[in-house]
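See below for work_33.cif, which holds mmCIF, C-alpha atoms.
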```cif
data_structure
#
loop_
_atom_site.label_atom_id
_atom_site.label_comp_id
_atom_site.auth_asym_id
_atom_site.auth_seq_id
_atom_site.Cartn_x
_atom_site.Cartn_y
_atom_site.Cartn_z
CA MET W 1 51.85 14.07 127.82
CA GLU W 2 48.71 12.66 129.31
CA ALA W 3 46.95 12.85 125.95
CA LEU W 4 49.80 10.91 124.37
CA ALA W 5 49.56 8.25 127.02
CA LYS W 6 45.81 8.04 126.48
CA ALA W 7 46.34 7.69 122.73
CA ALA W 8 48.89 4.93 123.25
CA GLU W 9 46.55 3.13 125.59
CA TRP W 10 43.71 3.35 123.09
CA PHE W 11 46.00 2.11 120.31
CA ILE W 12 47.12 -0.93 122.27
CA GLY W 13 43.55 -1.52 123.35
CA LEU W 14 42.61 -2.24 119.76
CA PHE W 15 45.01 -5.16 119.69
CA ILE W 16 44.36 -6.44 123.18
CA GLN W 17 40.82 -7.07 122.08
CA GLY W 18 42.10 -8.71 118.87
CA GLY W 19 44.53 -10.85 120.86
CA GLN W 20 41.76 -12.09 123.11
CA THR W 21 39.69 -12.97 120.08
CA PHE W 22 42.68 -14.76 118.56
CA SER W 23 43.39 -16.87 121.63
CA GLY W 24 39.70 -17.71 121.86
CA LEU W 25 39.69 -18.94 118.27
CA VAL W 26 42.94 -20.88 118.62
CA VAL W 27 41.93 -22.62 121.84
CA GLY W 28 38.32 -23.13 120.83
CA ILE W 29 38.71 -24.30 117.25
CA ILE W 30 42.22 -25.53 116.39
CA PRO W 31 42.54 -28.63 118.65
CA LEU W 32 39.27 -30.14 117.43
CA LEU W 33 40.06 -29.15 113.87
CA ILE W 34 43.46 -30.86 113.88
CA VAL W 35 42.25 -34.11 115.44
CA LEU W 36 39.18 -34.33 113.23
CA MET W 37 41.17 -33.58 110.09
CA THR W 38 43.74 -36.19 111.07
CA PHE W 39 41.03 -38.82 111.45
CA VAL W 40 39.35 -38.08 108.13
CA ASN W 41 42.60 -37.71 106.21
CA ALA W 42 43.76 -41.09 107.53
CA LEU W 43 40.44 -42.65 106.63
CA ILE W 44 40.67 -41.29 103.09
CA ALA W 45 44.24 -42.56 102.72
CA LEU W 46 43.18 -46.04 103.84
CA ILE W 47 40.08 -46.23 101.66
CA GLY W 48 41.85 -44.83 98.60
CA THR W 49 40.52 -42.08 96.38
CA ASP W 50 40.25 -44.29 93.30
CA LYS W 51 37.10 -45.92 94.67
CA ILE W 52 34.91 -43.02 93.56
CA ASP W 53 35.80 -43.45 89.89
CA ALA W 54 33.00 -46.03 89.62
CA VAL W 55 30.48 -43.45 90.87
CA GLY W 56 31.76 -41.08 88.19
CA LYS W 57 30.89 -43.54 85.45
CA LEU W 58 27.41 -43.97 86.92
CA ALA W 59 26.97 -40.19 87.13
CA ALA W 60 27.69 -39.79 83.40
CA ARG W 61 24.53 -41.69 82.40
CA GLU W 62 21.52 -40.02 80.82
CA GLY W 63 18.11 -40.12 82.43
CA ILE W 64 16.35 -38.41 85.24
CA ILE W 65 17.17 -40.96 87.95
CA TYR W 66 20.87 -40.19 87.54
CA TYR W 67 20.41 -36.50 88.41
CA PRO W 68 20.76 -37.06 92.17
CA ILE W 69 23.87 -39.13 91.56
CA ARG W 70 25.40 -36.59 89.21
CA TYR W 71 24.59 -33.48 91.21
CA MET W 72 24.38 -34.71 94.81
CA VAL W 73 26.25 -37.94 95.53
CA PHE W 74 29.11 -37.59 93.07
CA PRO W 75 30.01 -33.93 93.85
CA PHE W 76 29.89 -34.66 97.57
CA LEU W 77 32.12 -37.74 97.28
CA ALA W 78 34.50 -35.81 95.01
CA VAL W 79 34.75 -32.96 97.53
CA PHE W 80 34.97 -35.31 100.52
CA PHE W 81 37.75 -37.49 99.11
CA LEU W 82 39.70 -35.08 96.93
CA THR W 83 38.87 -31.77 98.67
CA ASN W 84 39.05 -28.30 97.13
CA PRO W 85 40.35 -27.84 94.38
CA MET W 86 41.19 -31.40 93.22
CA ALA W 87 37.51 -32.40 93.41
CA TYR W 88 36.87 -30.65 90.09
CA THR W 89 39.12 -33.11 88.25
CA MET W 90 36.28 -35.63 88.64
CA GLY W 91 34.46 -33.72 85.88
CA ARG W 92 36.56 -35.76 83.44
CA PHE W 93 34.14 -38.70 83.82
CA LEU W 94 31.24 -36.66 82.48
CA PRO W 95 30.35 -35.69 78.89
CA GLU W 96 31.04 -32.06 77.95
CA LYS W 97 27.39 -31.01 78.29
CA TYR W 98 27.36 -31.85 81.99
CA LYS W 99 30.73 -30.38 82.93
CA PRO W 100 29.68 -26.78 83.75
CA ALA W 101 26.77 -28.05 85.85
CA PHE W 102 29.00 -30.52 87.66
CA TYR W 103 31.56 -27.82 88.46
CA ASP W 104 28.81 -25.54 89.75
CA SER W 105 27.46 -28.34 91.88
CA ALA W 106 30.84 -29.47 93.25
CA VAL W 107 32.15 -25.98 94.01
CA SER W 108 28.97 -25.22 95.94
CA MET W 109 29.71 -28.23 98.15
CA VAL W 110 33.09 -26.97 99.43
CA HIS W 111 31.54 -25.03 102.34
CA PRO W 112 28.35 -26.77 103.60
CA PRO W 113 30.28 -29.77 105.04
CA LEU W 114 32.71 -27.55 106.98
CA GLY W 115 30.79 -27.85 110.24
CA VAL W 116 31.15 -31.64 110.21
CA PHE W 117 34.07 -32.31 107.85
CA PRO W 118 36.45 -29.33 108.00
CA HIS W 119 39.13 -31.23 106.03
CA VAL W 120 37.35 -30.46 102.74
CA ASN W 121 38.41 -26.82 102.77
CA PRO W 122 40.31 -25.66 105.88
CA GLY W 123 41.66 -22.59 104.04
CA GLU W 124 38.13 -21.18 103.79
CA TYR W 125 36.97 -22.40 107.19
CA PHE W 126 35.61 -19.03 108.24
CA VAL W 127 32.84 -19.03 105.66
CA TRP W 128 31.30 -21.40 108.20
CA ALA W 129 33.19 -20.57 111.39
CA GLY W 130 32.56 -16.82 111.29
CA ILE W 131 28.85 -17.28 111.81
CA ALA W 132 29.15 -20.53 113.79
CA ASN W 133 31.45 -18.86 116.30
CA GLY W 134 28.90 -16.12 116.87
CA ILE W 135 26.25 -18.75 117.50
CA THR W 136 28.51 -20.48 120.04
CA GLU W 137 29.16 -17.19 121.80
CA ALA W 138 25.44 -16.55 121.97
CA GLY W 139 25.23 -19.74 124.01
CA TYR W 140 23.79 -22.18 121.48
CA ASN W 141 25.04 -25.56 120.32
CA VAL W 142 26.29 -25.36 116.73
CA GLY W 143 25.58 -29.04 115.95
CA ASP W 144 22.08 -28.27 114.78
CA LEU W 145 23.30 -25.53 112.46
CA ALA W 146 26.16 -27.72 111.12
CA ILE W 147 23.91 -30.57 110.12
CA ARG W 148 21.25 -28.34 108.60
CA TYR W 149 23.92 -26.46 106.63
CA LEU W 150 25.09 -29.77 105.15
CA LEU W 151 21.57 -31.03 104.35
CA VAL W 152 20.42 -27.78 102.73
CA GLY W 153 23.75 -27.82 100.87
CA PHE W 154 22.75 -31.12 99.27
CA VAL W 155 19.45 -29.68 98.06
CA VAL W 156 21.14 -26.54 96.78
CA ILE W 157 23.81 -28.38 94.77
CA LEU W 158 21.16 -30.57 93.12
CA LEU W 159 19.22 -27.44 92.22
CA ARG W 160 22.35 -25.68 90.92
CA GLY W 161 23.25 -28.73 88.83
CA ILE W 162 19.84 -28.90 87.19
CA VAL W 163 19.51 -25.15 86.59
CA THR W 164 23.03 -24.78 85.20
CA GLU W 165 22.59 -27.83 82.99
CA ARG W 166 19.41 -26.29 81.51
CA ILE W 167 21.00 -22.86 81.03
CA SER W 168 24.11 -24.26 79.38
CA ALA W 169 21.94 -26.46 77.09
CA ILE W 170 20.01 -23.36 75.97
CA MET W 171 23.23 -21.41 75.38
CA TRP W 172 24.73 -24.23 73.36
CA LYS W 173 21.67 -24.31 71.11
CA ARG W 174 21.89 -20.55 70.58
CA GLU W 175 25.54 -20.79 69.64
CA GLU W 176 24.88 -23.55 67.12
CA GLN W 177 21.97 -21.87 65.38
CA PRO W 178 23.65 -18.80 63.85
CA GLU W 179 26.35 -21.03 62.40
CA ALA W 180 23.74 -23.36 60.92
CA SER W 181 21.84 -20.49 59.27
CA ALA W 182 25.05 -19.01 57.89
CA ALA W 183 25.96 -22.29 56.25
CA MET D 1 55.91 -72.26 111.81
CA LYS D 2 55.73 -70.88 108.30
CA ARG D 3 52.04 -70.14 108.73
CA ILE D 4 52.65 -68.24 111.94
CA ASN D 5 55.39 -66.23 110.29
CA LYS D 6 53.09 -65.35 107.42
CA LEU D 7 50.34 -64.32 109.82
CA LEU D 8 52.73 -62.15 111.80
CA GLU D 9 53.97 -60.55 108.64
CA THR D 10 50.44 -59.76 107.48
CA ILE D 11 49.55 -58.24 110.82
CA GLY D 12 52.75 -56.24 110.88
CA ARG D 13 52.15 -54.90 107.44
CA GLY D 14 48.54 -53.98 108.21
CA VAL D 15 49.45 -52.16 111.39
CA GLY D 16 52.30 -50.38 109.67
CA ARG D 17 50.00 -49.19 106.92
CA VAL D 18 47.39 -47.86 109.35
CA VAL D 19 49.92 -46.17 111.63
CA GLY D 20 51.75 -44.68 108.66
CA ALA D 21 48.51 -43.33 107.20
CA MET D 22 47.52 -41.78 110.52
CA TYR D 23 50.90 -40.21 111.08
CA GLN D 24 50.90 -38.80 107.56
CA ALA D 25 47.34 -37.53 108.07
CA GLY D 26 48.41 -35.78 111.27
CA ARG D 27 51.28 -34.12 109.49
CA GLU D 28 49.00 -32.96 106.68
CA SER D 29 46.44 -31.58 109.12
CA VAL D 30 49.01 -29.64 111.14
CA ASP D 31 50.56 -28.28 107.94
CA GLN D 32 47.19 -27.12 106.69
CA VAL D 33 46.28 -25.49 109.96
CA ILE D 34 49.60 -23.64 110.12
CA THR D 35 49.67 -22.51 106.50
CA ASN D 36 45.96 -21.87 105.89
CA VAL D 37 43.92 -21.61 109.05
CA LEU D 38 46.13 -19.78 111.57
CA PRO D 39 47.04 -16.84 109.30
CA PHE D 40 43.37 -16.32 108.54
CA MET D 41 42.54 -16.45 112.24
CA ALA D 42 45.12 -13.75 112.91
CA PHE D 43 43.64 -11.57 110.20
CA ILE D 44 40.05 -12.16 111.37
CA SER D 45 41.03 -11.45 115.00
CA LEU D 46 42.59 -8.16 113.99
CA ILE D 47 39.42 -7.10 112.19
CA ILE D 48 37.13 -8.21 115.01
CA GLY D 49 39.36 -6.58 117.59
CA ILE D 50 39.32 -3.25 115.81
CA ILE D 51 35.59 -3.41 115.21
CA LEU D 52 34.82 -4.21 118.85
CA ALA D 53 37.30 -1.75 120.34
CA THR D 54 36.45 1.25 118.15
CA GLY D 55 32.72 0.98 118.46
CA VAL D 56 32.17 0.34 114.76
CA GLY D 57 30.46 -2.81 116.01
CA ASP D 58 27.73 -0.72 117.61
CA LEU D 59 27.16 1.11 114.34
CA ILE D 60 26.83 -2.21 112.52
CA ALA D 61 24.53 -3.51 115.23
CA ASN D 62 22.29 -0.46 114.96
CA TYR D 63 22.12 0.08 111.23
CA LEU D 64 23.17 -3.07 109.33
CA SER D 65 22.00 -5.90 111.59
CA PRO D 66 18.29 -5.13 111.16
CA LEU D 67 18.83 -5.70 107.43
CA ALA D 68 20.41 -9.09 108.01
CA ALA D 69 17.75 -10.07 110.54
CA SER D 70 15.05 -10.50 107.92
CA LEU D 71 14.51 -12.86 105.03
CA LEU D 72 14.13 -9.96 102.61
CA GLY D 73 17.41 -8.40 103.72
CA LEU D 74 19.29 -11.67 103.29
CA VAL D 75 17.74 -12.30 99.86
CA VAL D 76 18.70 -8.81 98.72
CA MET D 77 22.24 -9.41 99.98
CA SER D 78 22.49 -12.69 98.06
CA ILE D 79 21.17 -11.05 94.87
CA ILE D 80 23.75 -8.28 95.09
CA ILE D 81 26.59 -10.76 95.67
CA ALA D 82 25.35 -12.96 92.80
CA ILE D 83 25.29 -10.19 90.16
CA PRO D 84 27.18 -11.85 87.27
CA VAL D 85 29.76 -9.04 87.04
CA LEU D 86 30.34 -8.82 90.78
CA SER D 87 30.40 -12.50 91.68
CA PRO D 88 33.76 -13.35 90.04
CA LEU D 89 35.33 -10.32 91.74
CA LEU D 90 34.01 -11.31 95.16
CA GLY D 91 35.09 -14.91 94.82
CA PRO D 92 38.87 -15.19 95.32
CA GLY D 93 39.82 -17.17 98.40
CA ALA D 94 36.31 -16.68 99.72
CA VAL D 95 37.86 -13.72 101.58
CA ILE D 96 34.79 -11.51 101.26
CA ALA D 97 32.45 -14.30 102.36
CA GLN D 98 34.67 -15.01 105.36
CA ILE D 99 34.81 -11.37 106.42
CA ILE D 100 31.06 -10.80 106.03
CA GLY D 101 30.45 -14.09 107.83
CA THR D 102 32.66 -13.03 110.73
CA LEU D 103 31.00 -9.60 110.93
CA LEU D 104 27.60 -11.26 111.03
CA GLY D 105 29.01 -13.68 113.61
CA THR D 106 29.76 -10.80 115.98
CA GLN D 107 26.12 -9.74 115.61
CA PHE D 108 24.81 -13.24 116.28
CA ALA D 109 27.05 -13.34 119.36
CA THR D 110 25.41 -10.28 120.88
CA GLY D 111 21.95 -11.36 119.85
CA ALA D 112 21.52 -8.34 117.57
CA ILE D 113 20.52 -10.86 114.89
CA PRO D 114 18.37 -13.76 116.14
CA ALA D 115 20.16 -17.13 115.98
CA GLN D 116 17.64 -18.77 113.67
CA TYR D 117 18.82 -16.48 110.86
CA SER D 118 22.25 -18.12 110.92
CA LEU D 119 21.28 -20.81 108.40
CA PRO D 120 19.94 -18.50 105.66
CA ALA D 121 22.84 -16.14 106.43
CA LEU D 122 25.36 -18.91 105.63
CA PHE D 123 23.85 -19.13 102.13
CA ALA D 124 23.32 -15.40 101.72
CA ILE D 125 27.05 -14.65 102.10
CA ASN D 126 28.05 -17.32 99.61
CA PRO D 127 26.21 -17.29 96.25
CA GLN D 128 29.49 -16.29 94.56
CA VAL D 129 31.32 -19.44 95.66
CA GLY D 130 33.83 -20.52 93.02
CA CYS D 131 32.73 -17.90 90.46
CA ASP D 132 36.32 -16.67 90.16
CA PHE D 133 37.55 -20.17 89.45
CA ILE D 134 35.21 -21.43 86.69
CA PRO D 135 37.72 -21.67 83.78
CA VAL D 136 40.33 -23.35 85.99
CA GLY D 137 37.79 -25.68 87.58
CA LEU D 138 36.47 -26.72 84.18
CA ALA D 139 40.00 -27.19 82.87
CA LEU D 140 40.73 -29.48 85.83
CA GLY D 141 37.76 -31.55 84.63
CA GLU D 142 39.41 -31.73 81.18
CA ALA D 143 36.69 -29.61 79.55
CA GLU D 144 37.06 -28.38 75.94
CA PRO D 145 37.59 -24.63 75.37
CA GLU D 146 34.06 -24.46 73.87
CA THR D 147 32.64 -25.84 77.10
CA VAL D 148 34.45 -23.15 79.08
CA GLU D 149 33.03 -20.51 76.73
CA VAL D 150 29.48 -21.63 77.47
CA GLY D 151 30.11 -22.73 81.04
CA VAL D 152 31.34 -19.42 82.46
CA PRO D 153 28.25 -17.34 81.60
CA ALA D 154 25.91 -20.30 82.24
CA ILE D 155 27.16 -20.70 85.81
CA LEU D 156 27.14 -16.95 86.47
CA PHE D 157 23.53 -16.59 85.29
CA SER D 158 22.52 -19.73 87.14
CA ARG D 159 23.88 -18.27 90.40
CA PHE D 160 21.75 -15.19 89.93
CA ILE D 161 18.74 -17.54 90.18
CA THR D 162 19.97 -20.20 92.60
CA GLY D 163 21.66 -17.72 94.98
CA PRO D 164 18.46 -16.11 96.29
CA VAL D 165 16.57 -19.43 96.02
CA SER D 166 19.15 -21.10 98.27
CA VAL D 167 18.60 -18.40 100.91
CA VAL D 168 14.84 -19.02 100.83
CA LEU D 169 15.38 -22.78 101.05
CA ALA D 170 17.71 -22.31 104.02
CA TYR D 171 15.17 -20.00 105.65
CA LEU D 172 12.48 -22.67 105.33
CA ALA D 173 14.89 -25.29 106.68
CA SER D 174 15.71 -23.13 109.70
CA PHE D 175 12.28 -23.47 111.30
CA GLY D 176 12.50 -24.98 114.74
CA MET D 177 16.19 -24.16 115.13
CA TYR D 178 17.34 -22.21 118.24
CA GLN D 179 13.84 -21.20 119.30
#
```
In structure tokens, what does this structure look like?
Amino acid sequence: MEALAKAAEWFIGLFIQGGQTFSGLVVGIIPLLIVLMTFVNALIALIGTDKIDAVGKLAAREGIIYYPIRYMVFPFLAVFFLTNPMAYTMGRFLPEKYKPAFYDSAVSMVHPPLGVFPHVNPGEYFVWAGIANGITEAGYNVGDLAIRYLLVGFVVILLRGIVTERISAIMWKREEQPEASAA
Amino acid sequence: MKRINKLLETIGRGVGRVVGAMYQAGRESVDQVITNVLPFMAFISLIIGIILATGVGDLIANYLSPLAASLLGLVVMSIIIAIPVLSPLLGPGAVIAQIIGTLLGTQFATGAIPAQYSLPALFAINPQVGCDFIPVGLALGEAEPETVEVGVPAILFSRFITGPVSVVLAYLASFGMYQ
């Protein structure tokens, strides 16, 4: 009988711990998240998402100075205003050869802003919050981490854009060549 | 009188638009939190609770945390996650990234992994981001089928390179943080 009681206690203990974690997350994260998301969503509604179309046309241009626009500014604006997954529709402004690189760049931007702009992807908030929460519990301020995550994110999406553009260009060439020699 | 009426109307309209947008934004935010964030919190809490209560956490702290508390360990982790066959499987809903992130979070909380590794860790758990979604994402951008054919392998190979590189970049950018 005593063993049974011990087992029951142990079993419930598993969930008491989980419940404490849950209430910590709800109280610690949700209020800020809701208010912040409300602010940004209202801002986006007032500005209007059609404003970034002009940036899309700029991003489609050839030339090295347009790389940062195509793979840094434009993906960020797309993700910020349209959020995951509608941001990828902005690829329609670009020629076919840039589309894979743009997607790679944009999709890599759906997590780095989460520390500052959680509205971009609340469904995957814990990619950021899992680690950030641990940092908070360790007694540090997460602001530093949030801003660095976003800044490094910018560098990484530029890099991904350039690398993927090169790789897809090489693959396109390879696909064309066999056909040309066959003809 | 007409002028004043016009002015009042303009102000009324402006205020109505702003208030309406904010109310709508609040509704959207609450909806998203209830449908997307809260269920995930429940799931994450369950996992953390079990890990902490059963002592699996101590095992992780003793054997796995040392791996994550070094640049090499994090780079190796990102390479494994970015393997072109694995990355699309690990992608959906970012569930794997969120679970690994939360597990690492428990280790950061206890200090088993030093806090300055949090930045490279954020990139190490995520080189597979969106790899499950490439054909759909490209289709949303109105890409031709030929573009999808080239784009899928191009992005997967690119990740194999940029995944580990992003961890190194984040490591370099983490100097001076939490020290």
- Message: I'd like the contact shell of Leu90 of chain D - 12 Å cut-off, all atoms listed in the file, skipping same-chain residues fewer than 5 positions apart - returned as a list in words.
- Response: Ser78, Ile80, Ile81, Ala82, Ile83, Pro84, Val85, Val95, Ile96, Ala97, Gln98, Ile99, Ile100, Ile125, Asn126, Pro127, Gln128, Val129, Gly130, Cys131, Asp132 and Phe133 of chain D
File dump, residues just selected, C-alpha atoms, as a PDB file, in the coordinates of the input:
```
ATOM      1  CA  SER D  78      22.490 -12.690  98.060  1.00  0.00           C
ATOM      2  CA  ILE D  80      23.750  -8.280  95.090  1.00  0.00           C
ATOM      3  CA  ILE D  81      26.590 -10.760  95.670  1.00  0.00           C
ATOM      4  CA  ALA D  82      25.350 -12.960  92.800  1.00  0.00           C
ATOM      5  CA  ILE D  83      25.290 -10.190  90.160  1.00  0.00           C
ATOM      6  CA  PRO D  84      27.180 -11.850  87.270  1.00  0.00           C
ATOM      7  CA  VAL D  85      29.760  -9.040  87.040  1.00  0.00           C
ATOM      8  CA  VAL D  95      37.860 -13.720 101.580  1.00  0.00           C
ATOM      9  CA  ILE D  96      34.790 -11.510 101.260  1.00  0.00           C
ATOM     10  CA  ALA D  97      32.450 -14.300 102.360  1.00  0.00           C
ATOM     11  CA  GLN D  98      34.670 -15.010 105.360  1.00  0.00           C
ATOM     12  CA  ILE D  99      34.810 -11.370 106.420  1.00  0.00           C
ATOM     13  CA  ILE D 100      31.060 -10.800 106.030  1.00  0.00           C
ATOM     14  CA  ILE D 125      27.050 -14.650 102.100  1.00  0.00           C
ATOM     15  CA  ASN D 126      28.050 -17.320  99.610  1.00  0.00           C
ATOM     16  CA  PRO D 127      26.210 -17.290  96.250  1.00  0.00           C
ATOM     17  CA  GLN D 128      29.490 -16.290  94.560  1.00  0.00           C
ATOM     18  CA  VAL D 129      31.320 -19.440  95.660  1.00  0.00           C
ATOM     19  CA  GLY D 130      33.830 -20.520  93.020  1.00  0.00           C
ATOM     20  CA  CYS D 131      32.730 -17.900  90.460  1.00  0.00           C
ATOM     21  CA  ASP D 132      36.320 -16.670  90.160  1.00  0.00           C
ATOM     22  CA  PHE D 133      37.550 -20.170  89.450  1.00  0.00           C
TER      23      PHE D 133
END
```
- Have a look at atom CA of Ala60 of chain W and atom CA of Phe93 of chain W and let me know their distance in Å, one decimal. 6.6 Å
- Query: Evaluating the PyMOL selection byres ((chain W and resi 20) around 12) on the displayed file yields which residues, as a list in words?
  - Reply: Gly13, Leu14, Phe15, Ile16, Gln17, Gly18, Gly19, Thr21, Phe22, Ser23, Gly24, Leu25, Val26, Val27 and Gly28 of chain W; Met41, Ala42, Ile44, Ser45, Leu46, Ile48, Gly49, Ile50, Leu52 and Ala53 of chain D
- Task: Pull out every residue of chain D that has at least one atom within 7 Å of chain W, counting only C-alpha atoms, and report them as a ChimeraX atom specification.
- Result: /D:21-22,25-26,29-30,36-37,41-42,45-46,48-50,53,93-94,97-98,101-102,104-106,108-111,115,118-119,122,129-130,137-138,140-143,147,150-151,154-155,158,162,166,170
- In Å and to one decimal, atom CA of Phe160 of chain D is distant from atom CA of Val75 of chain D by 11.1 Å
Could you work out an axis-aligned box for segment 91-104 of chain D, taking every atom the file lists and adding 8 Å on each side, and report centre and edge lengths in Å to one decimal, as JSON?
```
{"center_x": 33.7, "center_y": -13.4, "center_z": 102.9, "size_x": 28.2, "size_y": 23.6, "size_z": 32.2}
```
- Query: Between atom CA of Leu150 of chain W and atom CA of Leu74 of chain D, what is the spacing in Å?
  - Reply: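 Computed distance, atom CA of Leu74 of chain D to atom CA of Leu150 of chain W, equals 19.1 Å.
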- May I have the residues within 12 Å of Leu72 of chain D as JSON, numbers by chain, using only C-alpha atoms and disregarding those fewer than 6 positions away in the same chain? {"D": [66, 78, 79, 117, 120, 121, 124, 164, 165, 167, 168, 171]}
Take the residues from that selection and write them out as a PDB file, keeping the file's coordinate frame, keeping C-alpha atoms.
```
ATOM      1  CA  PRO D  66      18.290  -5.130 111.160  1.00  0.00           C
ATOM      2  CA  SER D  78      22.490 -12.690  98.060  1.00  0.00           C
ATOM      3  CA  ILE D  79      21.170 -11.050  94.870  1.00  0.00           C
ATOM      4  CA  TYR D 117      18.820 -16.480 110.860  1.00  0.00           C
ATOM      5  CA  PRO D 120      19.940 -18.500 105.660  1.00  0.00           C
ATOM      6  CA  ALA D 121      22.840 -16.140 106.430  1.00  0.00           C
ATOM      7  CA  ALA D 124      23.320 -15.400 101.720  1.00  0.00           C
ATOM      8  CA  PRO D 164      18.460 -16.110  96.290  1.00  0.00           C
ATOM      9  CA  VAL D 165      16.570 -19.430  96.020  1.00  0.00           C
ATOM     10  CA  VAL D 167      18.600 -18.400 100.910  1.00  0.00           C
ATOM     11  CA  VAL D 168      14.840 -19.020 100.830  1.00  0.00           C
ATOM     12  CA  TYR D 171      15.170 -20.000 105.650  1.00  0.00           C
TER      13      TYR D 171
END
```
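Distances from D:Pro39, D:Pro88, D:Gly57, D:Gly16 to Gln107 of chain D were compared using only C-alpha atoms, and the smallest one belongs to D:Gly57.
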- Message: Assuming the chain letters and numbering stay as they are in my file, what does the PyMOL selection byres ((chain W and resi 77) around 10) actually select? List them as a PyMOL selection string.
- Response: chain W and resi 49+51-52+55-56+72-76+78-83+87+90+106+109
